[in-house]
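Novice: Just dropping this structure here.
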There are 2 protein chains.
Amino acid sequence: MQFHLNGYRPGDPNVAEPLPAAQPTDDLPPAVDVLIVGCGPTGLTLAAQLAAFADVKTAIVEQKAGPLQLGQADGIACRTMEMFEAFGFADRVLKESYFVSETAFWRPHERRRSEIVRSGRIQDVEDGLSEMPHVILNQARVHDFYLDVMRNAPARIEPHYQLRFADLAVADDGSPYPATVRLERVGSRDNGQVKSVKARFVVGCDGARSAVRKALGRELVGDSASQAWGVMDVLAVTDFPDVRLKCVIQSAEGSALIIPREGGYLFRIYIELDKLKADERAASLNVTSERLVAAARRILSPYTLDVKEVAWWSVYEIGQRLCDRFDDVREGEDRTPRVFIAGDACHTHSPKAGQGMNMSMQDAFNLGWKLAAVLRRRSTPDLLRTYSQERQTIAKDLIDFDRMFARMISAPPKDPADPTSKGVDPAELQRQFVRQGRFTAGVVTQYRPSIIVGEPAHQRLATGFPIGARFHSAPVVRLADAKPMHLGQAVSADGRWRLFVFAAAEDPADPASRLGGLCRFLDEDPNSPIGKSRRAGDDVDAAIDVRAILQQGHRDVALERMPAFLLPQKGRYGLRDYEKIFCPDLKNRLDVFDLRDVDRARGCIVAVRPDQYVANILPLDGYGEIAAFFDRFMLG
Amino acid sequence: MQFHLNGYRPGDPNVAEPLPAAQPTDDLPPAVDVLIVGCGPTGLTLAAQLAAFADVKTAIVEQKAGPLQLGQADGIACRTMEMFEAFGFADRVLKESYFVSETAFWRPHERRRSEIVRSGRIQDVEDGLSEMPHVILNQARVHDFYLDVMRNAPARIEPHYQLRFADLAVADDGSPYPATVRLERVGSRDNGQVKSVKARFVVGCDGARSAVRKALGRELVGDSASQAWGVMDVLAVTDFPDVRLKCVIQSAEGSALIIPREGGYLFRIYIELDKLKADERAASLNVTSERLVAAARRILSPYTLDVKEVAWWSVYEIGQRLCDRFDDVREGEDRTPRVFIAGDACHTHSPKAGQGMNMSMQDAFNLGWKLAAVLRRRSTPDLLRTYSQERQTIAKDLIDFDRMFARMISAPPKDPADPTSKGVDPAELQRQFVRQGRFTAGVVTQYRPSIIVGEPAHQRLATGFPIGARFHSAPVVRLADAKPMHLGQAVSADGRWRLFVFAAAEDPADPASRLGGLCRFLDEDPNSPIGKSRRAGDDVDAAIDVRAILQQGHRDVALERMPAFLLPQKGRYGLRDYEKIFCPDLKNRLDVFDLRDVDRARGCIVAVRPDQYVANILPLDGYGEIAAFFDRFMLG
C-alpha cells in the first residue's frame, strides 16, 4: 500500500482523507451522476468502484431496511478474489472463508445401489491458474467488505435504504441529467412517499425480478425450468467422511452437492428434487426443510446425517435466462446508453456452478470504470457501448456452460451393470469437471476486439497474456526494496490504465535501449498518451500507470541508473515513487518472462484496462501503435 | 478461523458474541482481577490476552487522553508477527507495513573519505527462520489493532483514559483483592479527582519512568548513557539509491541508520550526535530538527537530501538498563507475586536494534496467560513466579547483545589506509549483523527448565523444536479439507496449551499404533491431563488442544478411520471439529517431519505453552511423563 505522499497523516491508511466535497449520506441528493438501484453484490461492486472518485457523485438505493444479514450466494471464484485484491479486501476474505482445495466425487455402489461410494478426488483449481484460491464465504460478508470500501473511499458512499424503484423516464433533450427516477419509500414512517432523483446514468442492479429491466421493456429469455432443487445451510453431525470437502454426489436417490462453508462447522447441501411440470414453479412444490433433510439422508446413505440446525434453506428451479442487451439502446439506434442493467437483472444461472454472484460482480467491475472515465471526461462516451457488447457475450457463453453442467449434474448416474442405461458416467462427470475448472475459476472470459481491446497483431510477444483475457499476475521482486510480491498487487481498482513494460534483455540503464526509448517517448513525445491525457495538477500516472519489469535479478540492477520516468516525482512535495520497477523472482526460480512466455529479445508492452483485462500487447518501439490505441477512446 | 459451533450467527466473525457479563466501559469498576497501568504496546498486549476470557475482569488505565496517534517504535520482528497471528491481526500488519527484505551497508570511500559508498547487501532474515517477515509499521497502528481485538473479544475491554497512577498498597491479610491502587484524573474537568481501585493483580506497563516500578522501590540499573542520537521520520527527495532499503551507514561524519517506513514514501533516519558528558542528557543538547537534517545531509554526501516534511523527530541517549526483578517479591521472600512490571518499566534498549517494543510485547504475552490461568484456577499460583524468572533472564541477554551492537554501530569506521586506526571494520559490522539476525528476529529466546519447561530428556525426538524456544511453525495440509496452511495458524492467543502429536510411521488408523494408544490414554485414563483439567460444560479441548500430524500424504489417509478423539464433538450441538489432524505438504516437498527433524520411527509429542513456547518434548507412549508434567502446575 502507498500512503503519506502528500504529508504524514496518522490513523488508518485504509480510510481516505475527509474531503470537503464528501456527499451527505442522510438524504438523497436531487441529482447525481450515477444512480445505482440495488444493494446486492452487483450494485455494491459498482458503488465501491465509483467511490474511488471524489468527483463522481453516486447514490445507491435499496428497498431493504439495511445491510444483508444472511446471503444465498457463497462461491467466490479465483478471478473474483483477484478483483477483491484490487479493491483491497482480499485479505479479509482469505481470513474468514473456506478454501476449496479439492473436490470429491461419489456414486452408487456397483452392487448395493442404495449406498454411495467415493469414486474420485481431484484438485479443485489447477496449479498456476491464479495467485488466488477458490473460496466460499457468505455473501453478506462480501457486502460488509464493500460497504467498508465505500465508506472509507474518497467519495464516501453509504447506501440509501428503504427506497423502492418506481419508474424511470429518460429525456431526449440533451439535458445534463437526462434520467429521472422515482423512488418510493417503503417500511418507514414515510411509507409510500415518492422521491424523484435526476441522474446522468442509471444502473439497475436489482436482481432477477429487476424493475429497471422491466422499465426498459427488456426481459430475461431462456429455458423454462424443469428441475427443482433444494438448498440448505446446516449444522449437522455426520459420519460422511468428506463433509469438509466439496462433493459432487450421484446417488440412486438423486444428486446432491456438498459445499463446506466458512467457520469449520457449517456446510451447504444442494439436493435434487422433483421434475417440474410445464410452468410449474419450485415454490409450488410446498417443500419443507424437513423434506430436504430427509432427502439428504437418503442420498448420503449408508452415512448418517443428524441435522442440528438449518441456518437457511430454499427451493428453486434451474433457469438459465438472459437479456439480449444490457442497456437501453434499441436495435438500430446509434447513441450512448443512459440506463444499464447488470447482474441477475440480465442473466440468471444455476447456483450450483457457483457463478451467479461472480459473474454479476464482474459486470459491475466492467461498467464502473467506464462510467467514471466518461463522467470525468477521460474517455469518449462511446466507451459505454462496450459494456453490453462485452458482458452480454460473456453471459451467453457462461449460460451455455452452465446449462451443460447443470444437465450433467441432474442426470441419473449410468448403471454400469446395464450398458444400455441412459445417464451420465461418473468418470465422464469428473472429466468434465476438470476440463471446466477454468470456467468455474472465472478466468476464461476473453473480450473480443473493440475500441478498448486490440487485435492480436503482437500477441506472440507474450503468449501468456492473451489479449482480452484478464491480466494473469505473476511473482516478481520490487527493485527498490527487494520485496517479493505479485505483480497483481500493483493493480488497484482506481480507474487507471496500466502499461506493464517488459524490458528486452539489453541493459535497461542504457539510454539507447528499447526501454530507454519508450520512456522518452512516453515522457516527452507530443503523441504520448500520457502527455495527452495529463491535466493540470495531475501526477504523471494519474490516468496511465507505467510499471517496468526487467529481466535482470534485482541485485544486478542499479536503481540510480534507471530512466527517471520510472522513478516519477509525485504529489505536493514531488516525492519519488519507488514502486514502478520490478525484477524476476530468480531466487524462487519464478521468472515472470518464462511463466508468461514473454519474448526476451524484444520485450513488450502489456496494456491493462482498469478492470484488469489485457487490452493490447504492443512492441516496445511501437510508438505509433501505442498512440493510436489510446487515441481511440482516451480524451486529453 | 472457526465459528458457528453453537449455531449460525450472521455478522463479523471477528467480533465475539455479546455477553451478559460484558463490563461497562464508561467508568472504572471498584474491583478488578487485573489492573493494567499504561496503554502502550505492553499494556495492550496484556489487555488483549486477558480480553479472551469473559470470566476475567480486567481494567487498563492510561494517563493520556486517548489512543496514540503517532508512535516512536516501528520495528516488528518475525517473532512478534507470529504472536500477532495468534491474536488474529497479522494480516492487517502485513497489508500496511514495510517489509525488511534486505539490508544495505555503506562506508566511507577509500580515498574520498567524505563520501559514502555501498559496501554490501544482505538478506535481512535468513530463509526458514520464521513463516513471517520482519516488518516496519508505526506503533500507533499496532495499538489500533490491539484495541480492535480487545473491543471484539469476549471480555470487551476499552481503556480508561486520563487516569494517572498515584500510588499502590498491597495488603498482606489474605483478602481477595489485596492491591489498592489510587488513580488521579488528569486533563478533564474532574482533574485531580482521585479514584481507588482494588485488584487481585496489578501490572505496571507504564514505560521507562514507571510509577508502578517506583512504588515497588525497584529501579532500572545500567550504563549511564554517553552517546546521543537523533531520530526523525521524514518525507524527502533524495538521490541516495537505497532509501527504500534498511541501511547501516558508517560515514566520516558519523553513523546513521535508514529504516524505510510503511506507505512507500516515509523513512526514518537515526543519526549519531555528540558524545555526552557524565550525567548530561541528550535533551540538554538543544538539538533541533534542522540540526538533524543538516547532519543527515553531511552523512549521506555525496547524495542529496531535500527534506520536505519532518513527521516526527526526537533525540535520546543510548541506555541499556534493567531491573533485577520484574515483580514485587523481595529477595528471600517465598510467595506469589501480586504486582508485576513489564516492558520499558523493567528494561530499556537502544531503539536501533528494533527490540524494545518487541521485547515488551513478549513480556506481556508471557505474563497474560499465566495471570488468566491462575485467576481461572486452571493453574497453581506459583506459575506466576516464572514470569520474572523467565523474562528478566531474557532481558539481560538482550541487553548484552544490544550493548555490543550499539557500541559497534556508534564506533567510527576503521580507516583501511591506517592499519593502526581504531574503529570497526565495515566487513566485521556486516558479519556481526548477519550472525545476530536470529536475535533481531526475536527467535533466540529460550526459557530454562522450570515447572512449565521440561528438561531436555527427549529433545532428540524432535531437534527442530528446541525445548524452551518458540514453537517453530511449518507448512502442513489439513486432512479434512486438504487446505495447505501453517501449523502456527492453528495456534490462537486463547490461553490453551497445545499438544502437537507427531505420529510414528505406522498406520495411524491402527488401534495398536502409538497414536491410537496415546489417544486412548488422553481420552480415557484417569491420569490424563485432559480428563483431570476438564470441568463441567468444558469442551474436550478447553484447556489442552491436541493436534495430530501424520506422516502420510493427506489423500492416503482415511479420515473415517482416525481415532474419534481427534474428531471431537463440541459445543451445544456436539458438532465434530475437523481441524485437529494434519499431514505433510508433500506436493510442495515441505515435509514437516524433515523440516523439524522429528524422529519418524518413534514420533513425539511437542507440548506448547499458551504463549507459543515449547514446554516439553515427550515420547508418544510416555503417559506417566505426560501426566507428571501437567501435574506440576495444572489444576483440575
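Chains: A, B, ... in order of the C-alpha cells. Residues: from 1 per chain. Ligands: from 1, in order shown.
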Compile the residues of chain A that lie within 8 Å of chain B, evaluated using only C-alpha atoms, and express the compilation as a ChimeraX atom specification.

Specialist: /A:1-5,7-8,10-13,69-70,91,95-96,99-102,140-141,235-237,239-242,244-245,262-266,308-309,311,480-483,559-560,573-579

Novice: With a distance cut-off of 7 Å and only C-alpha atoms, select the neighbouring residues of Arg213 in chain A, excluding the residue or stretch itself and same-chain residues fewer than 6 positions from it, and output the selection as a list in words.

Specialist: Gly204, Glu219, Ile341 and Ala345 of chain A

Novice: Mind checking which residues fall within 7 Å of range 359-366 of chain A, counting only C-alpha atoms, ignoring those fewer than 5 positions away in the same chain, and posting them as a ChimeraX atom specification?

Specialist: /A:41-42,45-46,342-344,387,391,611

Novice: Using N, CA and C atoms, can you write the selected residues to a file as a short mmCIF file (atom, residue, chain, number, x, y, z; two decimals), in the first residue's frame?

Specialist:
```
data_model
loop_
_atom_site.label_atom_id
_atom_site.label_comp_id
_atom_site.auth_asym_id
_atom_site.auth_seq_id
_atom_site.Cartn_x
_atom_site.Cartn_y
_atom_site.Cartn_z
N PRO A 41 -24.51 -7.76 -4.54
CA PRO A 41 -23.08 -7.75 -4.88
C PRO A 41 -22.80 -6.92 -6.13
N THR A 42 -23.73 -6.90 -7.07
CA THR A 42 -23.51 -6.12 -8.31
C THR A 42 -23.50 -4.63 -7.99
N THR A 45 -20.45 -3.62 -5.89
CA THR A 45 -19.19 -3.57 -6.65
C THR A 45 -19.12 -2.26 -7.43
N LEU A 46 -20.25 -1.91 -8.04
CA LEU A 46 -20.28 -0.67 -8.83
C LEU A 46 -20.10 0.56 -7.93
N ALA A 342 -27.39 -4.89 -14.84
CA ALA A 342 -26.21 -5.72 -14.54
C ALA A 342 -26.58 -6.80 -13.55
N GLY A 343 -25.82 -7.88 -13.60
CA GLY A 343 -26.03 -8.98 -12.65
C GLY A 343 -27.27 -9.78 -12.98
N ASP A 344 -27.94 -10.27 -11.93
CA ASP A 344 -29.13 -11.12 -12.13
C ASP A 344 -30.22 -10.40 -12.92
N TYR A 387 -19.95 -1.97 -22.86
CA TYR A 387 -20.42 -2.75 -21.69
C TYR A 387 -21.35 -3.87 -22.12
N ARG A 391 -20.28 -7.82 -22.04
CA ARG A 391 -20.84 -8.66 -20.98
C ARG A 391 -21.95 -9.57 -21.47
N ASP A 611 -10.17 -2.61 -15.37
CA ASP A 611 -10.80 -3.79 -14.78
C ASP A 611 -9.92 -5.02 -14.92
#
```

Novice: For a quick check of understanding, using only C-alpha atoms, which of B:Gln430, B:Gln193, B:Thr386, B:Asn152 has the smallest distance to Phe53 in chain B?

Specialist: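 For Phe53 in chain B, the nearest of the candidates is B:Asn152.
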
Novice: Please provide as a count of residues only all residues within 10 Å of Gly454 in chain A, with the sequence filter that same-chain residues fewer than 6 positions apart are discarded (counting only C-alpha atoms).

Specialist: 11

Novice: Which residues come within 8 Å of Pro30 in chain A, counting only C-alpha atoms, excluding same-chain residues fewer than 5 positions away, as a PyMOL selection string?

Specialist: chain A and resi 196-198

Novice: How would the residues just picked look written out with N, CA, C and O atoms as a PDB file, in the first residue's frame?

Specialist:
```
ATOM      1  N   SER A 196     -38.023  11.955  -6.176  1.00  0.00           N
ATOM      2  CA  SER A 196     -37.576  11.993  -7.549  1.00  0.00           C
ATOM      3  C   SER A 196     -36.086  12.335  -7.568  1.00  0.00           C
ATOM      4  O   SER A 196     -35.647  13.258  -6.879  1.00  0.00           O
ATOM      5  N   VAL A 197     -35.313  11.587  -8.319  1.00  0.00           N
ATOM      6  CA  VAL A 197     -33.872  11.839  -8.432  1.00  0.00           C
ATOM      7  C   VAL A 197     -33.510  11.936  -9.903  1.00  0.00           C
ATOM      8  O   VAL A 197     -33.921  11.102 -10.698  1.00  0.00           O
ATOM      9  N   LYS A 198     -32.750  12.960 -10.214  1.00  0.00           N
ATOM     10  CA  LYS A 198     -32.243  13.067 -11.586  1.00  0.00           C
ATOM     11  C   LYS A 198     -30.847  12.460 -11.645  1.00  0.00           C
ATOM     12  O   LYS A 198     -30.083  12.545 -10.674  1.00  0.00           O
TER      13      LYS A 198
END
```

Novice: Enumerate as an MDAnalysis selection string all residues of range 270-311 of chain B assigned to alpha helix (DSSP H) by DSSP on the backbone, naming them with the chain letters and numbers the document uses.

Specialist: chainID B and resid 289:300

Novice: Report the residues of range 407-454 of chain A whose backbone DSSP state falls under strand (DSSP E or B), written as an MDAnalysis selection string.

Specialist: chainID A and resid 413 424 446 450 453

Novice: How many Å separate CA of Ala474 in chain A from CA of Pro508 in chain A?

Specialist: 20.6 Å

Novice: Tell me which protein, DNA and RNA residues are within 9 Å of Arg547 in chain A, counting only C-alpha atoms, leaving out same-chain ones fewer than 3 positions away, and put them as a list in words.

Specialist: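 Final neighbour list, sorted by chain and number: Ala490, Arg498, Leu499, Phe500, Val501, Phe502, Leu566, Glu579, Lys580, Ile581 and Phe582 of chain A.
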
Novice: Have a look at CA of Pro416 in chain A and CA of Cys247 in chain A and let me know their distance in Å, one decimal.

Specialist: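 Separation between CA of Pro416 in chain A and CA of Cys247 in chain A: 21.1 Å.
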
Novice: Residues within 6 Å of Glu317 in chain A, please, as a ChimeraX atom specification. Count only C-alpha atoms; anything in the same chain fewer than 6 positions from it doesn't count.

Specialist: /A:225,227-229,282

Novice: Output the selection as a PDB file, in the first residue's frame - N, CA and C atoms for each residue.

Specialist:
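again-v5.pdb was written with the following content:
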```pdb
ATOM      1  N   ALA A 225     -37.816 -23.718 -16.517  1.00  0.00           N
ATOM      2  CA  ALA A 225     -37.104 -24.623 -15.628  1.00  0.00           C
ATOM      3  C   ALA A 225     -37.902 -25.900 -15.457  1.00  0.00           C
ATOM      4  N   GLN A 227     -36.423 -28.628 -13.517  1.00  0.00           N
ATOM      5  CA  GLN A 227     -35.848 -29.416 -12.435  1.00  0.00           C
ATOM      6  C   GLN A 227     -35.787 -28.545 -11.177  1.00  0.00           C
ATOM      7  N   ALA A 228     -36.443 -29.010 -10.126  1.00  0.00           N
ATOM      8  CA  ALA A 228     -36.391 -28.280  -8.857  1.00  0.00           C
ATOM      9  C   ALA A 228     -35.237 -28.789  -8.002  1.00  0.00           C
ATOM     10  N   TRP A 229     -34.635 -27.857  -7.289  1.00  0.00           N
ATOM     11  CA  TRP A 229     -33.565 -28.206  -6.356  1.00  0.00           C
ATOM     12  C   TRP A 229     -33.876 -27.554  -5.018  1.00  0.00           C
ATOM     13  N   ALA A 282     -40.837 -24.143  -8.539  1.00  0.00           N
ATOM     14  CA  ALA A 282     -40.355 -24.931  -7.411  1.00  0.00           C
ATOM     15  C   ALA A 282     -41.085 -24.561  -6.130  1.00  0.00           C
TER      16      ALA A 282
END
```

Novice: For the atom pair CA of Ala90 in chain A and CA of Thr58 in chain A, what is the interatomic distance in Å to one decimal place?

Specialist: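 CA of Thr58 in chain A lies at a distance of 24.0 Å from CA of Ala90 in chain A.
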